[in-house]
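S.K.: Here it is, the structure, as structure tokens.
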Amino acid sequence: MLDHLYDYLQGKFAISKEDYILVQQASRKRKLRKGQYILQEGEICNFVAFVALGCLRNFRMDEKGQEHIVYFAIENYWTGDRESYVLKEPSKYYIDCVEDSEIILFSRENFELLCAQIPKFGELMNMLIQKSFMASQNRIHSSISFSAEEKYQDFLNNHPKLANRIPQNMIAGYLGMTPETLSRIRNTIKARNT
């Protein structure tokens, strides 16, 4: 599992063996089962997690019990609740496993220490936060501007690795539509392509 993180970091910048030993010492490996939570609403997110294997989702529940999925994190993605982490306030989100997963956890203290001790690691994290912000802006734009079919096509274009990996009801929750609407859209696209 840590080898996966090493390969990921090495692909982003030339990390020395000494620095990687610091990363190893600062991390904690966890194997999780499908459906297992790493964060629940009301808890303070005091960690950052790297997904070595599997798929996790970050979501909220509305007053009717409907899930609204904010994002999915697959291999080589980082996850956590940034708002709760930064403000040190209870989270409004849940993060659970869509599949059996393996993650590498960094406590707040260890993560911030790594960012300070390994400048390239800190730069990588800042770049990832910026990319995440841009992805959020694009997602908001598609959410308020696109038709239901355009939202689904945008999802397929931007997340091809997820389309056949996660249940359709979760894709619907991510796109802000009912599973029935998504099914109709998929049938329409299928009929058009045959």
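Convention: chains lettered A, B, ... in structure tokens order; per-chain residue numbering from 1; ligands numbered from 1 as shown.
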Would you tabulate, counting only C-alpha atoms, all residues of stretch 15-42 of chain A that have an atom at most 10 Å from an atom of stretch 117-138 of chain A, showing the closest pair of atoms and their distance in Å to one decimal, sorted by chain then ascending number, as JSON lines?
M.R.:
```
{"residue": "A:Ile15", "atom": "CA", "partner": "A:Lys120", "partner_atom": "CA", "distance": 8.1}
{"residue": "A:Ser16", "atom": "CA", "partner": "A:Ile118", "partner_atom": "CA", "distance": 9.8}
{"residue": "A:Asp19", "atom": "CA", "partner": "A:Ile118", "partner_atom": "CA", "distance": 6.8}
{"residue": "A:Tyr20", "atom": "CA", "partner": "A:Ile118", "partner_atom": "CA", "distance": 9.4}
{"residue": "A:Leu22", "atom": "CA", "partner": "A:Gln117", "partner_atom": "CA", "distance": 8.8}
{"residue": "A:Val23", "atom": "CA", "partner": "A:Ile118", "partner_atom": "CA", "distance": 9.2}
```
S.K.: With N, CA and C atoms retained, export the selected residues as a compact mmCIF listing (two decimals), in the first residue's frame.
M.R.:
```txt
# COMPACT_ATOMS: atom_id res chain seq x y z
N ILE A 15 11.01 12.55 -5.04
CA ILE A 15 11.06 12.46 -3.57
C ILE A 15 12.25 11.60 -3.17
N SER A 16 13.03 12.09 -2.24
CA SER A 16 14.20 11.34 -1.77
C SER A 16 13.74 10.21 -0.85
N ASP A 19 13.07 11.62 2.60
CA ASP A 19 11.77 12.27 2.72
C ASP A 19 10.64 11.25 2.73
N TYR A 20 10.80 10.20 1.93
CA TYR A 20 9.74 9.20 1.91
C TYR A 20 9.65 8.45 3.24
N LEU A 22 10.03 9.89 6.06
CA LEU A 22 9.20 10.80 6.86
C LEU A 22 7.71 10.58 6.55
N VAL A 23 7.40 10.43 5.26
CA VAL A 23 6.02 10.19 4.85
C VAL A 23 5.51 8.89 5.47
```
S.K.: Write down as a PyMOL selection string the residues of stretch 6-125 of chain A whose backbone DSSP state falls under alpha helix (DSSP H).
M.R.: chain A and resi 6-12+17-26+82-87+108-117+119-125
S.K.: Using N, CA, C and O atoms, can you export the residues from the last selection as a compact mmCIF listing (two decimals), in the first residue's frame?
M.R.:
```txt
# COMPACT_ATOMS: atom_id res chain seq x y z
N TYR A 6 4.27 5.81 -2.71
CA TYR A 6 5.61 6.19 -3.17
C TYR A 6 5.62 6.41 -4.68
O TYR A 6 6.13 7.41 -5.17
N ASP A 7 5.02 5.47 -5.43
CA ASP A 7 4.97 5.61 -6.89
C ASP A 7 4.20 6.87 -7.29
O ASP A 7 4.60 7.57 -8.22
N TYR A 8 3.10 7.14 -6.59
CA TYR A 8 2.31 8.34 -6.88
C TYR A 8 3.15 9.60 -6.66
O TYR A 8 3.22 10.47 -7.53
N LEU A 9 3.80 9.69 -5.50
CA LEU A 9 4.61 10.87 -5.18
C LEU A 9 5.78 11.00 -6.14
O LEU A 9 6.09 12.10 -6.61
N GLN A 10 6.42 9.88 -6.45
CA GLN A 10 7.57 9.90 -7.37
C GLN A 10 7.14 10.38 -8.76
O GLN A 10 7.90 11.04 -9.45
N GLY A 11 5.89 10.10 -9.14
CA GLY A 11 5.37 10.59 -10.41
C GLY A 11 5.08 12.08 -10.40
O GLY A 11 4.94 12.70 -11.46
N LYS A 12 4.97 12.67 -9.22
CA LYS A 12 4.68 14.11 -9.10
C LYS A 12 5.92 14.96 -8.90
O LYS A 12 5.99 16.08 -9.35
N LYS A 17 14.61 9.24 -0.70
CA LYS A 17 14.31 8.12 0.21
C LYS A 17 14.13 8.64 1.64
O LYS A 17 13.26 8.17 2.37
N GLU A 18 14.93 9.62 2.02
CA GLU A 18 14.85 10.18 3.37
C GLU A 18 13.49 10.84 3.60
O GLU A 18 12.86 10.67 4.64
N ASP A 19 13.07 11.62 2.60
CA ASP A 19 11.77 12.27 2.72
C ASP A 19 10.64 11.25 2.73
O ASP A 19 9.65 11.41 3.44
N TYR A 20 10.80 10.20 1.93
CA TYR A 20 9.74 9.20 1.91
C TYR A 20 9.65 8.45 3.24
O TYR A 20 8.57 8.08 3.67
N ILE A 21 10.77 8.30 3.91
CA ILE A 21 10.74 7.69 5.25
C ILE A 21 9.91 8.56 6.19
O ILE A 21 9.12 8.05 7.00
N LEU A 22 10.03 9.89 6.06
CA LEU A 22 9.20 10.80 6.86
C LEU A 22 7.71 10.58 6.55
O LEU A 22 6.88 10.57 7.45
N VAL A 23 7.40 10.43 5.26
CA VAL A 23 6.02 10.19 4.85
C VAL A 23 5.51 8.89 5.47
O VAL A 23 4.41 8.83 6.03
N GLN A 24 6.31 7.84 5.40
CA GLN A 24 5.93 6.54 5.99
C GLN A 24 5.66 6.67 7.49
O GLN A 24 4.68 6.14 8.00
N GLN A 25 6.56 7.36 8.18
CA GLN A 25 6.42 7.50 9.63
C GLN A 25 5.20 8.34 10.01
O GLN A 25 4.65 8.15 11.09
N ALA A 26 4.80 9.24 9.13
CA ALA A 26 3.67 10.13 9.41
C ALA A 26 2.32 9.51 9.05
O ALA A 26 1.28 10.08 9.36
N ARG A 82 -12.57 19.21 3.58
CA ARG A 82 -11.69 20.38 3.67
C ARG A 82 -12.25 21.46 4.60
O ARG A 82 -11.52 22.08 5.36
N GLU A 83 -13.55 21.71 4.52
CA GLU A 83 -14.16 22.74 5.36
C GLU A 83 -14.01 22.40 6.84
O GLU A 83 -13.58 23.23 7.64
N SER A 84 -14.35 21.18 7.20
CA SER A 84 -14.23 20.75 8.60
C SER A 84 -12.77 20.77 9.04
O SER A 84 -12.45 21.19 10.16
N TYR A 85 -11.88 20.33 8.16
CA TYR A 85 -10.45 20.28 8.46
C TYR A 85 -9.90 21.68 8.74
O TYR A 85 -9.22 21.90 9.73
N VAL A 86 -10.20 22.62 7.85
CA VAL A 86 -9.65 23.98 7.97
C VAL A 86 -10.27 24.73 9.14
O VAL A 86 -9.57 25.37 9.93
N LEU A 87 -11.60 24.65 9.27
CA LEU A 87 -12.29 25.42 10.31
C LEU A 87 -12.33 24.71 11.67
O LEU A 87 -12.72 25.30 12.67
N ARG A 108 -3.92 15.48 11.10
CA ARG A 108 -3.70 16.91 10.83
C ARG A 108 -2.27 17.30 11.18
O ARG A 108 -1.56 17.92 10.38
N GLU A 109 -1.84 16.95 12.36
CA GLU A 109 -0.50 17.32 12.83
C GLU A 109 0.58 16.77 11.91
O GLU A 109 1.48 17.51 11.47
N ASN A 110 0.49 15.49 11.56
CA ASN A 110 1.50 14.88 10.71
C ASN A 110 1.47 15.43 9.29
O ASN A 110 2.51 15.64 8.67
N PHE A 111 0.27 15.66 8.77
CA PHE A 111 0.13 16.17 7.41
C PHE A 111 0.74 17.57 7.29
O PHE A 111 1.49 17.85 6.36
N GLU A 112 0.42 18.42 8.24
CA GLU A 112 0.95 19.79 8.20
C GLU A 112 2.47 19.81 8.40
O GLU A 112 3.18 20.63 7.81
N LEU A 113 2.96 18.89 9.23
CA LEU A 113 4.40 18.76 9.42
C LEU A 113 5.09 18.34 8.13
O LEU A 113 6.13 18.90 7.75
N LEU A 114 4.49 17.38 7.40
CA LEU A 114 5.06 16.94 6.12
C LEU A 114 5.09 18.09 5.11
O LEU A 114 6.06 18.24 4.38
N CYS A 115 4.01 18.85 5.06
CA CYS A 115 3.95 19.98 4.12
C CYS A 115 5.05 20.99 4.43
O CYS A 115 5.61 21.60 3.51
N ALA A 116 5.38 21.16 5.71
CA ALA A 116 6.43 22.10 6.10
C ALA A 116 7.83 21.51 5.89
O ALA A 116 8.74 22.20 5.43
N GLN A 117 8.00 20.22 6.20
CA GLN A 117 9.32 19.59 6.12
C GLN A 117 9.74 19.23 4.70
O GLN A 117 10.92 19.18 4.39
N PRO A 119 9.07 20.63 1.20
CA PRO A 119 8.44 21.71 0.41
C PRO A 119 7.73 21.22 -0.85
O PRO A 119 6.65 21.71 -1.18
N LYS A 120 8.30 20.25 -1.56
CA LYS A 120 7.64 19.75 -2.78
C LYS A 120 6.32 19.06 -2.45
O LYS A 120 5.37 19.13 -3.23
N PHE A 121 6.23 18.42 -1.31
CA PHE A 121 4.97 17.79 -0.87
C PHE A 121 3.93 18.88 -0.61
O PHE A 121 2.79 18.78 -1.05
N GLY A 122 4.34 19.95 0.08
CA GLY A 122 3.43 21.06 0.35
C GLY A 122 2.98 21.74 -0.93
O GLY A 122 1.79 22.07 -1.08
N GLU A 123 3.90 21.90 -1.90
CA GLU A 123 3.53 22.48 -3.19
C GLU A 123 2.53 21.60 -3.93
O GLU A 123 1.59 22.11 -4.55
N LEU A 124 2.74 20.29 -3.87
CA LEU A 124 1.80 19.36 -4.51
C LEU A 124 0.42 19.50 -3.90
O LEU A 124 -0.59 19.57 -4.62
N MET A 125 0.34 19.58 -2.58
CA MET A 125 -0.96 19.69 -1.93
C MET A 125 -1.65 21.00 -2.30
O MET A 125 -2.85 21.02 -2.56
```
S.K.: Check the DSSP output for the backbone and give back, as JSON, numbers by chain, the residues of chain A in strand (DSSP E).
M.R.: {"A": [27, 28, 29, 30, 31, 32, 37, 38, 39, 47, 48, 49, 50, 51, 52, 53, 55, 56, 57, 58, 59, 60, 61, 67, 68, 69, 70, 71, 72, 73, 74, 78, 79, 94, 95, 96, 97, 101, 102, 103, 104, 105, 106, 107]}
S.K.: Include C-alpha atoms and write out the residues we just selected as a compact mmCIF listing (two decimals), in the first residue's frame.
M.R.:
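Result file selection.txt:
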```txt
# COMPACT_ATOMS: atom_id res chain seq x y z
CA SER A 27 1.09 7.80 7.88
CA ARG A 28 -1.23 5.05 9.01
CA LYS A 29 -2.55 2.33 6.69
CA ARG A 30 -6.18 1.20 6.86
CA LYS A 31 -8.09 -1.51 5.04
CA LEU A 32 -11.80 -0.76 4.86
CA TYR A 37 -17.22 5.14 7.13
CA ILE A 38 -14.07 7.16 7.66
CA LEU A 39 -16.07 10.30 8.56
CA PHE A 47 -7.17 13.82 8.71
CA VAL A 48 -6.27 13.75 5.05
CA ALA A 49 -6.51 10.37 3.30
CA PHE A 50 -4.83 9.02 0.19
CA VAL A 51 -6.73 6.28 -1.66
CA ALA A 52 -4.32 3.49 -2.57
CA LEU A 53 -7.04 1.07 -3.68
CA CYS A 55 -13.40 3.98 -4.14
CA LEU A 56 -14.83 6.31 -1.50
CA ARG A 57 -17.57 8.91 -1.72
CA ASN A 58 -18.23 12.17 0.10
CA PHE A 59 -21.93 12.92 0.54
CA ARG A 60 -24.59 14.73 2.54
CA MET A 61 -28.06 13.63 3.55
CA GLU A 67 -28.07 11.27 -0.47
CA HIS A 68 -26.34 14.07 -2.37
CA ILE A 69 -22.90 12.92 -3.47
CA VAL A 70 -20.28 15.65 -3.71
CA TYR A 71 -17.41 13.59 -5.09
CA PHE A 72 -15.85 10.18 -5.49
CA ALA A 73 -12.24 9.37 -4.65
CA ILE A 74 -10.57 6.47 -6.43
CA TRP A 78 -6.96 12.44 -1.78
CA THR A 79 -10.06 12.79 0.36
CA TYR A 94 -20.16 11.52 5.39
CA ILE A 95 -17.29 9.70 3.71
CA ASP A 96 -17.73 5.98 3.17
CA CYS A 97 -16.40 3.20 0.96
CA SER A 101 -10.65 0.04 -0.06
CA GLU A 102 -7.16 0.67 1.23
CA ILE A 103 -6.27 4.16 2.36
CA ILE A 104 -3.30 5.90 3.89
CA LEU A 105 -4.28 8.34 6.63
CA PHE A 106 -2.37 11.39 7.79
CA SER A 107 -3.42 13.13 10.99
```
S.K.: Contacts of A:Ser143 at 12 Å or less, counting only C-alpha atoms, minus same-chain residues fewer than 6 places along, as a list in words?
M.R.: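 My reading of the contact set: Val70, Ser136, Gln137, Glu149, Glu150, Lys151, Tyr152, Asp154, Phe155, Tyr174, Leu175, Gly176 and Met177 of chain A.
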S.K.: Name the residues in contact with A:Glu43 at a cut-off of 9 Å, using only C-alpha atoms, excluding same-chain residues fewer than 6 positions from it; report them as a list in words.
M.R.: Ser84, Glu89, Pro90, Ser91, Lys92 and Tyr93 of chain A
S.K.: With C-alpha atoms kept, could you save the residues just selected as a PDB file, in the first residue's frame?
M.R.:
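What follows is the written file selection_5.pdb:
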```pdb
ATOM      1  CA  SER A  84     -14.231  20.752   8.599  1.00  0.00           C
ATOM      2  CA  GLU A  89     -15.774  22.426  12.981  1.00  0.00           C
ATOM      3  CA  PRO A  90     -18.124  19.426  12.813  1.00  0.00           C
ATOM      4  CA  SER A  91     -18.508  18.026   9.330  1.00  0.00           C
ATOM      5  CA  LYS A  92     -21.747  18.237   7.364  1.00  0.00           C
ATOM      6  CA  TYR A  93     -20.627  15.246   5.297  1.00  0.00           C
TER       7      TYR A  93
END
```
